[in-house]
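**Q** So that you have it, the file is my_file.txt, and it contains compact mmCIF, C-alpha atoms and all ligand atoms:
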# COMPACT_ATOMS: atom_id res chain seq x y z
CA MET A 1 0.00 0.00 0.00
CA PRO A 2 1.33 3.48 -0.76
CA ALA A 3 1.39 5.74 2.30
CA ALA A 4 0.40 9.42 2.47
CA LEU A 5 1.09 11.89 5.27
CA VAL A 6 -1.42 14.76 5.40
CA THR A 7 -0.96 17.78 7.67
CA GLY A 8 -4.13 19.49 8.87
CA ALA A 9 -6.02 16.25 8.16
CA THR A 10 -8.92 16.80 10.58
CA SER A 11 -10.83 19.55 8.78
CA GLY A 12 -11.58 21.13 5.42
CA ILE A 13 -9.13 20.52 2.59
CA GLY A 14 -6.88 18.18 4.61
CA LEU A 15 -9.82 16.01 5.69
CA SER A 16 -10.89 15.72 2.04
CA PHE A 17 -7.35 14.66 1.12
CA ALA A 18 -7.37 12.04 3.88
CA ARG A 19 -10.75 10.62 2.85
CA GLN A 20 -10.00 10.54 -0.89
CA LEU A 21 -6.50 9.10 -0.48
CA ALA A 22 -7.85 6.41 1.88
CA ALA A 23 -10.57 5.56 -0.64
CA ASP A 24 -7.85 5.33 -3.28
CA GLY A 25 -5.99 2.65 -1.25
CA HIS A 26 -3.42 4.70 0.65
CA ASP A 27 -2.28 4.09 4.19
CA LEU A 28 -2.62 7.38 6.06
CA ILE A 29 -0.60 9.33 8.61
CA LEU A 30 -2.83 12.11 9.95
CA VAL A 31 -1.25 15.22 11.47
CA ALA A 32 -3.01 18.00 13.45
CA ARG A 33 -3.06 19.29 17.04
CA ASP A 34 -6.46 18.18 18.33
CA VAL A 35 -5.87 14.59 19.53
CA GLU A 36 -9.52 13.74 20.06
CA ARG A 37 -10.48 14.91 16.59
CA LEU A 38 -7.55 13.02 15.05
CA GLY A 39 -8.87 9.91 16.76
CA ARG A 40 -12.38 10.45 15.37
CA VAL A 41 -11.10 10.93 11.80
CA ALA A 42 -8.85 7.86 12.11
CA ALA A 43 -11.78 5.77 13.40
CA GLU A 44 -13.96 6.94 10.49
CA LEU A 45 -11.28 6.06 7.93
CA ARG A 46 -10.63 2.66 9.52
CA THR A 47 -14.35 1.84 9.45
CA VAL A 48 -14.77 2.71 5.78
CA HIS A 49 -11.37 1.49 4.53
CA SER A 50 -9.55 -1.52 5.92
CA HIS A 51 -5.93 -0.30 5.60
CA GLY A 52 -3.56 1.38 8.04
CA VAL A 53 -4.26 4.75 9.63
CA GLU A 54 -1.79 6.38 12.04
CA VAL A 55 -2.32 9.57 14.02
CA LEU A 56 0.57 11.92 14.71
CA PRO A 57 -0.49 14.82 16.95
CA ALA A 58 1.84 17.77 16.37
CA ASP A 59 1.77 21.54 16.52
CA LEU A 60 3.48 22.66 13.31
CA VAL A 61 4.12 26.12 14.72
CA THR A 62 6.70 24.56 17.06
CA ALA A 63 10.14 23.13 16.25
CA GLU A 64 9.25 20.00 18.31
CA GLY A 65 6.06 19.39 16.32
CA VAL A 66 7.78 19.83 12.95
CA GLY A 67 10.70 17.70 14.20
CA ALA A 68 8.41 14.82 15.16
CA VAL A 69 6.67 14.84 11.76
CA GLY A 70 10.06 15.18 10.01
CA GLU A 71 11.34 12.09 11.87
CA ARG A 72 8.30 10.10 10.79
CA LEU A 73 8.91 11.16 7.16
CA GLN A 74 12.54 10.01 7.39
CA ASP A 75 11.79 6.57 8.89
CA PRO A 76 13.28 4.14 6.32
CA ASN A 77 11.19 1.25 7.64
CA ARG A 78 7.89 3.04 7.10
CA PRO A 79 8.29 4.94 3.80
CA VAL A 80 5.93 7.78 2.94
CA ASP A 81 5.09 8.06 -0.76
CA LEU A 82 3.03 11.25 -0.69
CA LEU A 83 3.40 14.29 1.58
CA VAL A 84 0.55 16.80 1.61
CA ASN A 85 1.63 20.06 3.29
CA ASN A 86 -1.80 21.49 3.95
CA ALA A 87 -2.10 22.70 7.58
CA GLY A 88 -2.43 26.44 7.95
CA PHE A 89 -4.36 29.42 9.21
CA THR A 90 -4.66 33.11 8.50
CA LEU A 91 -4.88 36.19 10.71
CA ARG A 92 -7.75 38.62 10.87
CA ARG A 93 -5.98 41.91 11.47
CA PRO A 94 -3.68 43.93 9.20
CA PHE A 95 0.06 43.49 9.76
CA VAL A 96 0.63 46.57 11.93
CA ALA A 97 -2.25 45.64 14.24
CA THR A 98 -1.18 42.02 14.73
CA ASP A 99 0.93 40.68 17.54
CA ILE A 100 4.36 39.82 16.13
CA ALA A 101 4.23 36.39 17.81
CA ASP A 102 1.08 35.57 15.80
CA GLU A 103 2.73 36.77 12.58
CA GLU A 104 5.73 34.54 13.29
CA ALA A 105 3.49 31.58 14.11
CA MET A 106 1.73 31.99 10.76
CA LEU A 107 5.05 32.05 8.90
CA ASP A 108 6.19 29.03 10.93
CA ILE A 109 3.28 26.89 9.76
CA LEU A 110 2.85 28.25 6.21
CA VAL A 111 6.52 28.48 5.27
CA LEU A 112 9.00 26.91 7.72
CA ALA A 113 6.98 23.73 8.29
CA VAL A 114 6.51 23.28 4.51
CA LEU A 115 10.24 23.85 3.95
CA ARG A 116 11.36 21.46 6.70
CA LEU A 117 8.87 18.67 6.01
CA THR A 118 9.57 18.76 2.27
CA HIS A 119 13.31 18.62 3.00
CA ALA A 120 12.78 15.68 5.35
CA ALA A 121 10.62 13.72 2.90
CA LEU A 122 12.57 14.13 -0.34
CA PRO A 123 15.83 12.17 0.22
CA GLY A 124 13.94 8.92 0.92
CA MET A 125 11.59 9.47 -2.01
CA ILE A 126 14.51 10.16 -4.36
CA ALA A 127 16.39 7.08 -3.10
CA ARG A 128 13.29 4.97 -3.77
CA GLY A 129 12.83 6.60 -7.18
CA HIS A 130 9.23 7.65 -6.64
CA GLY A 131 7.03 9.88 -4.54
CA ALA A 132 5.33 13.26 -4.52
CA VAL A 133 4.90 16.39 -2.42
CA VAL A 134 1.70 18.42 -2.70
CA ASN A 135 1.87 21.89 -1.15
CA VAL A 136 -1.40 23.72 -0.57
CA SER A 137 -1.01 27.39 -1.48
CA SER A 138 -3.69 30.00 -2.29
CA VAL A 139 -4.83 32.34 -5.06
CA ALA A 140 -4.06 35.00 -2.40
CA GLY A 141 -0.40 34.42 -3.28
CA TRP A 142 -1.01 36.37 -6.50
CA VAL A 143 -2.56 39.36 -4.64
CA PRO A 144 -0.06 41.22 -2.43
CA ARG A 145 -1.82 41.58 0.93
CA GLY A 146 0.17 41.11 4.11
CA THR A 147 1.98 38.10 5.47
CA TYR A 148 -0.54 35.43 4.45
CA SER A 149 -0.35 36.38 0.76
CA ALA A 150 3.44 36.66 0.93
CA ALA A 151 3.71 33.23 2.54
CA LYS A 152 1.48 31.64 -0.10
CA ALA A 153 3.47 33.38 -2.88
CA TRP A 154 6.51 31.65 -1.38
CA VAL A 155 4.73 28.27 -1.35
CA THR A 156 3.76 28.58 -5.04
CA SER A 157 7.18 29.77 -6.20
CA PHE A 158 9.05 27.25 -4.02
CA THR A 159 7.03 24.33 -5.33
CA GLN A 160 7.33 25.32 -8.99
CA GLY A 161 11.11 25.62 -8.68
CA LEU A 162 11.33 22.39 -6.71
CA ASP A 163 9.41 20.38 -9.29
CA SER A 164 11.86 21.51 -11.93
CA GLN A 165 14.84 20.54 -9.72
CA LEU A 166 13.30 17.08 -9.22
CA GLU A 167 13.19 16.30 -12.94
CA GLY A 168 14.57 12.84 -13.68
CA THR A 169 14.32 11.61 -10.06
CA GLY A 170 10.89 9.98 -10.33
CA VAL A 171 9.69 12.36 -7.59
CA ARG A 172 7.24 15.19 -8.17
CA ALA A 173 6.17 18.42 -6.50
CA MET A 174 2.79 20.01 -7.20
CA VAL A 175 1.25 23.15 -5.76
CA LEU A 176 -2.54 23.16 -5.24
CA VAL A 177 -3.81 26.73 -5.48
CA PRO A 178 -7.33 27.09 -4.06
CA GLY A 179 -9.61 30.09 -4.29
CA PHE A 180 -12.22 30.45 -1.53
CA VAL A 181 -13.16 27.04 -0.09
CA ARG A 182 -15.93 26.26 2.39
CA THR A 183 -14.02 24.99 5.44
CA GLU A 184 -13.41 26.17 9.02
CA PHE A 185 -10.59 28.45 7.82
CA HIS A 186 -12.39 31.82 7.86
CA ASP A 187 -14.41 31.05 11.02
CA ARG A 188 -11.22 30.18 12.90
CA ALA A 189 -9.80 33.59 11.92
CA ARG A 190 -13.19 35.22 12.71
CA ILE A 191 -13.42 36.71 9.22
CA ASP A 192 -16.97 37.42 8.08
CA MET A 193 -17.37 36.00 4.58
CA SER A 194 -21.13 36.54 4.32
CA ALA A 195 -20.73 39.06 1.45
CA LEU A 196 -18.87 36.60 -0.77
CA PRO A 197 -21.12 35.52 -3.67
CA SER A 198 -21.88 31.82 -3.63
CA PHE A 199 -20.36 31.22 -7.09
CA MET A 200 -16.95 32.11 -5.63
CA TRP A 201 -17.02 29.27 -3.09
CA LEU A 202 -15.39 25.96 -3.91
CA ASP A 203 -16.32 22.67 -2.28
CA ALA A 204 -13.33 21.04 -0.54
CA ASP A 205 -14.09 17.56 -1.95
CA ASP A 206 -14.33 18.90 -5.52
CA LEU A 207 -11.12 20.89 -5.03
CA VAL A 208 -9.17 17.88 -3.78
CA ARG A 209 -10.60 15.56 -6.47
CA ALA A 210 -9.40 18.02 -9.14
CA GLY A 211 -6.03 18.42 -7.38
CA LEU A 212 -5.40 14.66 -7.22
CA ARG A 213 -6.41 14.33 -10.88
CA ASP A 214 -3.90 17.06 -11.78
CA LEU A 215 -1.22 15.26 -9.75
CA ARG A 216 -1.87 12.04 -11.72
CA ARG A 217 -1.67 14.06 -14.96
CA GLY A 218 1.76 15.41 -14.02
CA LYS A 219 0.82 19.07 -13.52
CA THR A 220 3.09 21.31 -11.43
CA VAL A 221 0.40 23.93 -10.65
CA SER A 222 -3.20 22.90 -10.02
CA VAL A 223 -5.87 25.61 -9.89
CA PRO A 224 -9.32 24.00 -9.60
CA GLY A 225 -12.46 25.93 -10.59
CA ALA A 226 -13.05 27.88 -13.81
CA ILE A 227 -13.05 31.34 -12.22
CA TYR A 228 -9.83 30.66 -10.36
CA ARG A 229 -8.14 29.21 -13.46
CA THR A 230 -9.01 32.51 -15.19
CA ALA A 231 -7.71 34.46 -12.18
CA ALA A 232 -4.52 32.38 -12.26
CA TRP A 233 -3.92 33.59 -15.81
CA TRP A 234 -4.56 37.31 -15.32
CA LEU A 235 -3.54 38.02 -11.71
CA PRO A 236 0.20 37.39 -12.28
CA ARG A 237 0.01 39.53 -15.47
CA LEU A 238 -1.55 42.60 -13.81
CA PRO A 239 0.62 45.70 -13.47
CA ARG A 240 2.09 45.63 -9.95
CA ARG A 241 0.21 48.75 -8.78
CA VAL A 242 -3.14 47.26 -9.88
CA ALA A 243 -2.39 44.00 -8.04
CA VAL A 244 -1.37 45.94 -4.93
CA GLY A 245 -4.59 47.97 -5.21
CA LEU A 246 -6.63 44.75 -5.33
CA GLY A 247 -4.88 43.56 -2.18
CA ARG A 248 -5.72 46.79 -0.38
CA ARG A 249 -9.35 45.87 -0.08
CA HIS A 250 -10.44 42.77 1.75
CA PRO A 251 -11.41 40.03 -0.74
CA ALA A 252 -14.82 40.50 -2.33
CA GLY A 253 -15.83 43.21 0.13
CA THR A 254 -15.84 40.82 3.07
CA ARG A 255 -15.46 42.20 6.58
CA ARG A 256 -13.41 41.33 9.61
CA ARG A 257 -15.56 40.37 12.59
CA ARG A 258 -15.07 42.45 15.70
N1 LIG A 301 -10.46 27.70 3.01
C1 LIG A 301 -10.00 28.53 2.08
O1 LIG A 301 -10.73 29.42 1.53
C2 LIG A 301 -8.57 28.42 1.62
C3 LIG A 301 -8.20 29.11 0.44
C4 LIG A 301 -6.90 29.01 -0.02
C5 LIG A 301 -5.98 28.25 0.67
N2 LIG A 301 -6.32 27.62 1.82
C6 LIG A 301 -5.29 26.84 2.52
O2 LIG A 301 -5.73 25.51 2.69
C7 LIG A 301 -5.08 24.93 3.82
C8 LIG A 301 -6.10 24.19 4.67
O3 LIG A 301 -7.06 25.11 5.13
P1 LIG A 301 -8.60 24.75 5.38
O4 LIG A 301 -9.38 25.76 4.64
O5 LIG A 301 -8.86 23.31 5.15
O6 LIG A 301 -8.68 25.13 6.94
P2 LIG A 301 -9.36 24.44 8.21
O7 LIG A 301 -10.68 23.84 7.88
O8 LIG A 301 -9.32 25.50 9.27
O9 LIG A 301 -8.35 23.26 8.62
C9 LIG A 301 -7.07 23.54 9.11
C10 LIG A 301 -6.37 22.23 9.51
O10 LIG A 301 -5.03 22.57 9.91
C11 LIG A 301 -4.80 22.09 11.24
N3 LIG A 301 -3.92 23.02 11.94
C12 LIG A 301 -4.15 24.35 12.22
N4 LIG A 301 -3.14 24.86 12.93
C13 LIG A 301 -2.25 23.85 13.11
C14 LIG A 301 -1.01 23.74 13.79
N5 LIG A 301 -0.48 24.79 14.47
N6 LIG A 301 -0.34 22.57 13.76
C15 LIG A 301 -0.86 21.50 13.09
N7 LIG A 301 -2.03 21.54 12.44
C16 LIG A 301 -2.72 22.69 12.46
C17 LIG A 301 -6.19 22.01 11.88
O11 LIG A 301 -6.26 21.06 12.94
P3 LIG A 301 -5.95 21.45 14.49
O12 LIG A 301 -6.65 22.74 14.77
O13 LIG A 301 -6.44 20.28 15.29
O14 LIG A 301 -4.45 21.56 14.60
C18 LIG A 301 -7.02 21.53 10.68
O15 LIG A 301 -6.89 20.14 10.54
C19 LIG A 301 -4.34 26.07 4.52
O16 LIG A 301 -2.98 26.02 4.19
C20 LIG A 301 -4.97 27.33 3.93
O17 LIG A 301 -4.09 28.42 3.94
C21 LIG A 301 -7.60 27.68 2.31
With the file now loaded, output its structure as C-alpha cells.
**A**
Amino acid sequence: MPAALVTGATSGIGLSFARQLAADGHDLILVARDVERLGRVAAELRTVHSHGVEVLPADLVTAEGVGAVGERLQDPNRPVDLLVNNAGFTLRRPFVATDIADEEAMLDILVLAVLRLTHAALPGMIARGHGAVVNVSSVAGWVPRGTYSAAKAWVTSFTQGLDSQLEGTGVRAMVLVPGFVRTEFHDRARIDMSALPSFMWLDADDLVRAGLRDLRRGKTVSVPGAIYRTAAWWLPRLPRRVAVGLGRRHPAGTRRRR
C-alpha cells in the first residue's frame, strides 16, 4: 500500500485529502493538534477502509512538532510516498495591528513547516525513485496583501522551482492553489465572509478531487475551478500597482468580525 502523510487532516481541505487518499488505497498518517479529533477521523477512515491509519499529533508552529513529523517522514522502515503540506491558518488583522508572535506563528506553519517537512521527505523518495509532495497554497499568493499572501506566494514559487529541480528523479512536486473554499478556515480567523457571492465558493471535496487528478496528470500547478483558473492567468500579469490595489481591499468586500 502506498502511504500518504497529510498535515491538517482533521478539517476542510486536509480532511478531504485524507478521505480521498484512503478511498484510493493509501495508508494514512494524519497530522493535526487536536488529539480527540484526530482519533475520530482515524476511526472513520478505519471503518470505511480496511488499511492502516496512524495519528501523529503535532503543533506545526513549534520546532518540536515539525521535528516529530520530520522524523516520521525520514523513517526508512515506514516509507511515505506522498506528503501533503496542507495545515495552515490566517490572521484577521492587518500586519501593523497584529501581535508579532502571531505573525511569526503563521510564517512558521505556512513556510517553515513546509520547507522542513519537504526537506525531510525528499531524500527517501529520491532514493526509492518515486514519490510526490503536494503543497497547498492559495490564489491570495497572487494578490499582495500582508503576510498570508506573501507566505502563499513563497509556497507557489518554491514548489514550482522544486518540481523543476526534481526532474529525472521519479519524484514530483505540485502546488494546489485554491480560491475560496468552504471549510473552518475563515471562522477560525473570525473573518466574516457573508458578502462573498456563492459562485466564488469551492467545495473542498471537488477541489481535492481536481487536485489529485492534476497530480496524476503530471501538472506542477493545479488551480481547480473555472473562475480561479481565469484568475490564475490574469492576476500574475496585472501591473504591480493594480495588483497591490486589489490587495488593499479585503477580498470581495468581506469584513473582519469584531
Ligand atoms: N479555506 C479557504 O478558503 C482556503 C483558500 C486558499 C488556501 N487555503 C489553505 O488551505 C489549507 C487548509 O485550510 P482549510 O481551509 O482546510 O482550513 P481548516 O478547515 O481551518 O483546517 C485547518 C487544519 O489545519 C490544522 N492546523 C491548524 N493549525 C495547526 C497547527 N499549528 N499545527 C498542526 N495543524 C494545524 C487544523 O487542525 P488542528 O486545529 O487540530 O491543529 C485543521 O486540521 C491552509 O494552508 C490554507 O491556507 C484555504
**Q** For ligand LIG 301 (chain A), which residue among A:Phe89, A:Trp154, A:Tyr228, A:Trp233 is the nearest when counting only C-alpha atoms and all ligand atoms?
**A** A:Phe89
**Q** As a ChimeraX atom specification, please: every protein or nucleic acid residue near ligand LIG 301 (chain A) (cut-off 6 Å, counting all atoms listed in the file).
**A** /A:8-14,32-34,58-61,86-89,136-138,178-185
**Q** Would you compute the distance between CA of Met1 in chain A and CA of Arg78 in chain A? Give it in Å to one decimal.
**A**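 Computed distance, CA of Met1 in chain A to CA of Arg78 in chain A, equals 11.0 Å.
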**Q** One decimal, Å: what's the distance from CA of Leu5 in chain A over to CA of Leu83 in chain A, could you say?
**A**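 Spanning CA of Leu5 in chain A to CA of Leu83 in chain A is a straight-line distance of 5.0 Å.
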**Q** Separation of CA of Leu235 in chain A and CA of Val139 in chain A, in Å?
**A**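 Going from CA of Leu235 in chain A over to CA of Val139 in chain A covers 8.8 Å.
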**Q** Given only C-alpha atoms as the basis, pick out the residue of A:Arg92, A:Arg46, A:Arg241, A:Arg40 nearest to Ala189 in chain A.
**A**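 Going through A:Arg92, A:Arg46, A:Arg241, A:Arg40 one by one, the smallest distance to Ala189 in chain A is for A:Arg92.
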**Q** Which residue gives the smallest distance to Gly146 in chain A among A:Ala173, A:Val114, A:Val134, A:Val244, with only C-alpha atoms counted?
**A**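 Among the listed residues, the smallest separation from Gly146 in chain A belongs to A:Val244.
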**Q** Would you please work out which residue, of A:Val53, A:Ala226, A:Ala204, A:Ala243, is nearest to Ser16 in chain A when using all atoms listed in the file?
**A** A:Ala204
**Q** Counting only C-alpha atoms, which of A:Arg229, A:His130, A:His51, A:Arg145 gets nearest to Gly247 in chain A?
**A** A:Arg145
**Q** Smallest atom-to-atom distance to Leu207 in chain A: which of A:Leu15, A:Val171, A:Leu122, A:Ala3, using all atoms listed in the file?
**A**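 Comparing A:Leu15, A:Val171, A:Leu122, A:Ala3 against Leu207 in chain A, the winner is A:Leu15.
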